[in-house]
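A.B. asks: File name query_5.cif; file contents mmCIF, C-alpha atoms; full text below.
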```cif
data_target
loop_
_atom_site.label_atom_id
_atom_site.label_comp_id
_atom_site.auth_asym_id
_atom_site.auth_seq_id
_atom_site.Cartn_x
_atom_site.Cartn_y
_atom_site.Cartn_z
CA MET F 1 -12.32 -32.14 -20.14
CA ARG F 2 -11.78 -28.47 -19.26
CA LYS F 3 -9.09 -27.85 -16.62
CA ASN F 4 -10.13 -25.30 -13.99
CA LYS F 5 -7.78 -22.37 -13.41
CA ILE F 6 -6.34 -22.22 -9.86
CA ILE F 7 -5.12 -19.03 -8.15
CA THR F 8 -2.62 -19.67 -5.33
CA THR F 9 -1.08 -17.60 -2.54
CA GLU F 10 1.89 -16.73 -4.76
CA GLU F 11 -0.38 -15.31 -7.45
CA ILE F 12 -2.23 -13.23 -4.87
CA LEU F 13 1.17 -11.98 -3.69
CA LEU F 14 2.05 -11.07 -7.29
CA THR F 15 -1.15 -9.03 -7.47
CA LEU F 16 -0.09 -7.15 -4.34
CA CYS F 17 3.39 -6.52 -5.79
CA SER F 18 1.78 -5.01 -8.90
CA SER F 19 -0.30 -2.70 -6.70
CA VAL F 20 2.88 -1.51 -4.94
CA THR F 21 4.76 -0.68 -8.14
CA GLN F 22 1.80 0.93 -9.94
CA VAL F 23 0.72 3.13 -7.03
CA LEU F 24 4.30 4.29 -6.41
CA ALA F 25 4.76 4.95 -10.14
CA ALA F 26 1.61 7.11 -10.12
CA ALA F 27 3.06 8.93 -7.10
CA GLY F 28 6.22 10.02 -8.92
CA ASN F 29 8.29 6.92 -8.17
CA ALA F 30 8.66 5.18 -11.51
CA GLN F 31 10.96 2.17 -11.95
CA VAL F 32 10.47 0.74 -8.45
CA ALA F 33 11.04 -2.98 -9.02
CA TYR F 34 10.59 -6.17 -7.03
CA SER F 35 12.74 -9.28 -6.94
CA PRO F 36 11.57 -12.27 -9.00
CA MET F 37 12.46 -14.44 -6.00
CA VAL F 38 10.04 -14.63 -3.06
CA GLN F 39 11.14 -15.72 0.41
CA LYS F 40 9.11 -18.05 2.64
CA ILE F 41 9.17 -16.79 6.24
CA HIS F 42 7.71 -18.07 9.52
CA LYS F 43 6.67 -14.77 11.08
CA THR F 44 5.99 -11.19 10.04
CA CYS F 45 7.82 -8.30 11.69
CA LEU F 46 8.02 -4.53 11.64
CA ARG F 47 11.67 -3.63 11.13
CA PRO F 48 13.72 -0.40 11.21
CA ASP F 49 13.56 2.31 10.05
CA LEU F 50 9.94 2.96 9.03
CA GLY F 51 7.35 0.20 9.19
CA CYS F 52 3.67 0.05 8.28
CA PHE F 53 1.03 -2.66 8.62
CA VAL F 54 -2.54 -3.18 7.40
CA LEU F 55 -4.95 -5.94 8.38
CA PHE F 56 -7.57 -7.25 5.97
CA ASP F 57 -10.44 -9.70 6.24
CA GLY F 58 -13.45 -10.88 4.28
CA GLY F 59 -13.05 -13.47 1.54
CA PHE F 60 -9.74 -14.31 3.23
CA SER F 61 -7.86 -12.83 6.18
CA GLY F 62 -4.31 -11.58 6.35
CA LEU F 63 -1.72 -8.93 7.09
CA VAL F 64 0.45 -6.74 4.87
CA ILE F 65 3.63 -5.16 6.23
CA ILE F 66 6.03 -2.83 4.39
CA ASN F 67 9.39 -2.04 6.00
CA PHE F 68 11.36 0.91 4.62
CA THR F 69 14.95 1.82 5.27
CA SER F 70 15.26 5.52 6.06
CA GLU F 71 16.90 6.10 2.66
CA ALA F 72 14.11 4.34 0.75
CA ALA F 73 11.39 6.15 2.70
CA MET F 74 12.94 9.57 2.09
CA GLU F 75 13.49 8.90 -1.62
CA ILE F 76 9.86 7.85 -2.13
CA TYR F 77 8.52 10.69 0.04
CA ARG F 78 10.60 13.38 -1.68
CA LYS F 79 9.77 12.24 -5.24
CA TYR F 80 6.07 12.05 -4.41
CA MET F 81 5.90 15.52 -2.87
CA MET F 82 8.00 17.11 -5.62
CA SER F 83 5.81 15.46 -8.29
CA MET F 84 2.90 17.42 -6.77
CA GLY F 85 4.84 20.69 -7.03
CA MET F 86 6.18 20.95 -3.47
CA PRO F 87 9.45 22.96 -3.38
CA GLU F 88 12.43 20.88 -2.29
CA SER F 89 13.29 23.46 0.37
CA GLU F 90 9.97 22.81 2.16
CA LEU F 91 10.35 19.04 2.42
CA ALA F 92 10.98 17.22 5.70
CA GLN F 93 14.60 16.30 6.30
CA PHE F 94 14.27 13.17 8.44
CA HIS F 95 12.26 9.94 8.14
CA THR F 96 11.10 10.39 11.77
CA SER F 97 9.12 13.51 10.76
CA ASP F 98 5.34 13.22 11.19
CA GLU F 99 4.90 14.47 7.63
CA VAL F 100 6.95 11.59 6.21
CA GLY F 101 4.97 9.07 8.26
CA ASN F 102 1.65 10.58 7.14
CA VAL F 103 2.63 10.60 3.46
CA MET F 104 3.96 7.05 3.54
CA GLY F 105 0.86 5.91 5.42
CA GLU F 106 -1.36 7.44 2.73
CA LEU F 107 0.63 5.67 0.00
CA MET F 108 0.22 2.40 1.91
CA ASN F 109 -3.51 3.06 2.08
CA GLN F 110 -3.62 3.58 -1.70
CA ILE F 111 -1.60 0.39 -2.30
CA VAL F 112 -3.89 -1.82 -0.25
CA GLY F 113 -6.94 -0.06 -1.69
CA ASP F 114 -5.74 -0.89 -5.20
CA PHE F 115 -5.05 -4.46 -4.08
CA THR F 116 -8.55 -4.95 -2.63
CA ASN F 117 -10.03 -3.62 -5.89
CA ARG F 118 -7.97 -6.11 -7.90
CA VAL F 119 -9.06 -8.95 -5.62
CA ARG F 120 -12.71 -7.96 -6.13
CA VAL F 121 -12.32 -7.95 -9.90
CA ASP F 122 -9.95 -10.89 -10.44
CA LEU F 123 -11.09 -13.27 -7.69
CA GLN F 124 -14.74 -12.22 -7.48
CA THR F 125 -14.54 -11.87 -3.70
CA SER F 126 -14.33 -8.95 -1.30
CA ILE F 127 -11.86 -8.04 1.44
CA ASN F 128 -11.86 -5.08 3.83
CA GLN F 129 -8.76 -3.24 5.02
CA SER F 130 -7.93 -1.53 8.30
CA GLN F 131 -6.42 1.95 8.50
CA PRO F 132 -2.64 1.72 7.88
CA LYS F 133 -0.41 2.17 10.92
CA MET F 134 2.96 3.73 10.03
CA MET F 135 5.66 4.15 12.67
CA ALA F 136 9.34 4.95 12.94
CA ILE F 137 11.07 2.19 14.91
CA ASN F 138 14.62 1.27 15.82
CA LYS F 139 14.00 -2.32 16.91
CA GLN F 140 12.31 -5.33 15.36
CA VAL F 141 8.69 -5.76 16.42
CA GLN F 142 6.78 -8.99 15.75
CA ILE F 143 3.21 -8.56 14.48
CA LEU F 144 0.58 -11.27 14.94
CA ILE F 145 -2.79 -11.38 13.21
CA ASN F 146 -5.71 -11.17 15.63
CA THR F 147 -7.50 -13.87 13.66
CA GLN F 148 -7.24 -17.64 13.81
CA LEU F 149 -5.67 -18.76 10.54
CA ASP F 150 -6.07 -22.42 9.65
CA GLN F 151 -2.85 -22.80 7.68
CA PRO F 152 -0.93 -19.51 7.85
CA GLN F 153 1.56 -18.72 5.12
CA ALA F 154 4.03 -15.83 5.14
CA ARG F 155 6.08 -14.42 2.28
CA ARG F 156 8.64 -11.61 1.94
CA VAL F 157 9.48 -9.73 -1.27
CA THR F 158 12.40 -7.33 -1.76
CA PHE F 159 11.81 -4.05 -3.62
CA SER F 160 14.45 -1.64 -4.91
CA THR F 161 14.24 2.02 -5.96
CA PRO F 162 16.07 3.66 -8.90
CA SER F 163 18.66 4.93 -6.39
CA HIS F 164 19.22 1.33 -5.20
CA ASN F 165 17.52 1.80 -1.84
CA ILE F 166 15.74 -1.24 -0.47
CA PHE F 167 12.41 -1.90 1.19
CA TYR F 168 10.56 -5.11 1.99
CA MET F 169 6.95 -6.23 1.83
CA GLU F 170 5.63 -9.11 3.91
CA LEU F 171 2.29 -10.87 3.41
CA ALA F 172 0.74 -13.31 5.87
CA MET F 173 -2.54 -15.04 5.02
CA ASP F 174 -4.39 -18.35 5.06
CA LYS F 175 -3.14 -20.99 2.69
CA THR F 176 -5.87 -20.80 0.08
CA GLU F 177 -6.70 -21.56 -3.54
CA PHE F 178 -9.28 -19.90 -5.76
CA ILE F 179 -10.59 -22.29 -8.41
CA GLN F 180 -12.22 -20.76 -11.48
CA LEU F 181 -15.22 -22.90 -12.36
CA HIS F 182 -16.17 -21.05 -15.54
CA ASP F 183 -15.18 -17.98 -17.55
CA PHE F 184 -16.50 -14.57 -16.52
CA GLU F 185 -16.18 -11.02 -17.76
CA LYS F 186 -13.91 -8.79 -15.70
CA VAL F 187 -14.72 -5.17 -14.98
CA GLU F 188 -11.84 -2.78 -15.68
CA HIS F 189 -9.57 -1.97 -12.77
CA GLU F 190 -9.95 1.48 -11.25
CA ASN F 191 -7.15 3.69 -12.55
CA VAL F 192 -4.47 4.42 -9.93
CA ASP F 193 -3.81 7.89 -11.37
CA ASP F 194 -7.51 8.71 -10.99
CA ILE F 195 -7.50 7.54 -7.36
CA LEU F 196 -4.55 9.80 -6.47
CA ALA F 197 -5.94 12.71 -8.50
CA ASN F 198 -9.31 12.49 -6.75
CA ALA F 199 -7.60 12.40 -3.36
CA ASN F 200 -5.54 15.50 -4.21
CA GLN F 201 -8.60 17.35 -5.56
CA GLN F 202 -10.52 16.57 -2.38
CA ASN F 203 -7.66 17.93 -0.24
CA GLN F 204 -7.47 21.11 -2.35
CA ALA F 205 -11.25 21.60 -2.12
CA GLU F 206 -11.14 21.26 1.68
CA VAL F 207 -8.36 23.88 1.87
CA ALA F 208 -10.33 26.25 -0.42
CA ASP F 209 -13.49 25.84 1.70
CA ALA F 210 -11.54 26.58 4.86
CA GLU F 211 -10.03 29.75 3.32
CA SER F 212 -13.49 30.87 2.16
CA LEU F 213 -14.89 30.50 5.68
CA VAL F 214 -12.02 32.55 7.10
CA ASP F 215 -12.67 35.33 4.55
CA ASP F 216 -16.42 35.35 5.34
CA ASP F 217 -15.76 35.56 9.07
CA PHE F 218 -13.31 38.42 8.51
CA LEU F 219 -15.84 40.41 6.45
CA SER F 220 -18.57 39.74 9.03
CA ASN F 221 -16.38 41.15 11.78
CA LEU F 222 -15.95 44.30 9.71
CA GLY F 223 -19.74 44.57 9.38
CA LEU F 224 -19.68 43.98 5.62
#
```
Would you mind giving the structure from this file in structure tokens?
C.D. replies:
Amino acid sequence: MRKNKIITTEEILLTLCSSVTQVLAAAGNAQVAYSPMVQKIHKTCLRPDLGCFVLFDGGFSGLVIINFTSEAAMEIYRKYMMSMGMPESELAQFHTSDEVGNVMGELMNQIVGDFTNRVRVDLQTSINQSQPKMMAINKQVQILINTQLDQPQARRVTFSTPSHNIFYMELAMDKTEFIQLHDFEKVEHENVDDILANANQQNQAEVADAESLVDDDFLSNLGL
């Protein structure tokens, strides 16, 4: 008799870990690695120095939190911006800068976006994400999910950068299992490089359009 394949919370967590490493690699941060050991925790928290959280719901509900030390946040931010051609002299100097928070928030958005796409393809279900909230904090802040979870489970995974800086990801979700009843054909995952490239092209197009409007207004004022 055929044994049905079962996907557990830990395997969903592994999918999320893969999204973190692949998105960061596409953003100029290759060789970010996660620990093979996962920690069971009882509550999720935002911790110093830079924390971000995203809620998701749909096929299952949950919360993703990533807590960066200031050193890890600055390393990831600097490598990402320099990979896009930004001069080192123009980069923000402190993790409390709005620019660092915005960039890290965008990376978090790409990570969870990649994760939701993988869930759609691998688990044949759909989840929706909220807009990431990134903030610089100096004290621990507990985050609760505004959804009644039947059997909540929480996990923490440690990540390390090539420069040996540490950050942590926490996942809280319902205890759940996905049972594969029969084989199905998977659609290819959307390429992370393409996602980032499209986002950059859109930003460049918006800047070009804004410059064109300024030039047109200037010529109009001259009567040309």
A.B. asks: How many Å lie between CA of Val141 (chain F) and CA of Pro36 (chain F), rounded to one decimal?
C.D. replies: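 So the answer is 26.4 Å.
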A.B. asks: Write out as CSV the residues of region 57-103 of chain F that have any atom within 6 Å of an atom of region 111-132 of chain F, one row each with the nearest atom pair and its distance in Å to one decimal, counting all atoms listed in the file, sorted by chain and then rising number.
C.D. replies:
```
residue,atom,partner,partner_atom,distance
F:Asp57,CA,F:Ile127,CA,5.3
F:Gly58,CA,F:Ile127,CA,4.3
F:Gly59,CA,F:Ser126,CA,5.5
```
A.B. asks: One decimal, Å: what's the distance from CA of Leu55 (chain F) over to CA of Gln93 (chain F), could you say?
C.D. replies: 29.7 Å
A.B. asks: What does the distance between CA of Lys133 (chain F) and CA of Phe53 (chain F) come to in Å, to one decimal place?
C.D. replies: 5.5 Å
A.B. asks: As a list in words, please: the residues near Ile66 (chain F) (cut-off 7 Å, only C-alpha atoms, same-chain neighbours under 6 positions excluded).
C.D. replies: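 The residues that qualify are Gly51, Cys52, Phe53, Tyr168, Met169 and Glu170 of chain F.
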A.B. asks: Need to verify the contact set: Val32 (chain F), 10 Å, all atoms listed in the file, exclusion of same-chain residues closer than 2 positions in sequence. Can you return it as a ChimeraX atom specification?
C.D. replies: /F:20-22,24-25,29-30,34,76,159-166
A.B. asks: Go through F:Thr44, F:Thr8, F:Thr176, F:Ser19 and flag the residue nearest Leu63 (chain F), using only C-alpha atoms for the distances.
C.D. replies: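 Closest to Leu63 (chain F) of all the choices is F:Thr44.
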A.B. asks: Out of F:Met84, F:Ala26, F:Ala72, F:Ala172, which residue has the shortest atom-to-atom distance to Gln110 (chain F) when counting all atoms listed in the file?
C.D. replies: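 Closest candidate: F:Ala26.
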A.B. asks: Just so the selection is clear, what residues does the PyMOL selection byres ((chain F and resi 180) around 12) cover here, as a list in words?
C.D. replies: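 Taken over the shown coordinates, the PyMOL selection byres ((chain F and resi 180) around 12) returns Arg2, Lys3, Asn4, Lys5, Ile6, Ile7, Thr8, Asp122, Leu123, Gln124, Glu177, Phe178, Ile179, Leu181, His182, Asp183 and Phe184 of chain F.
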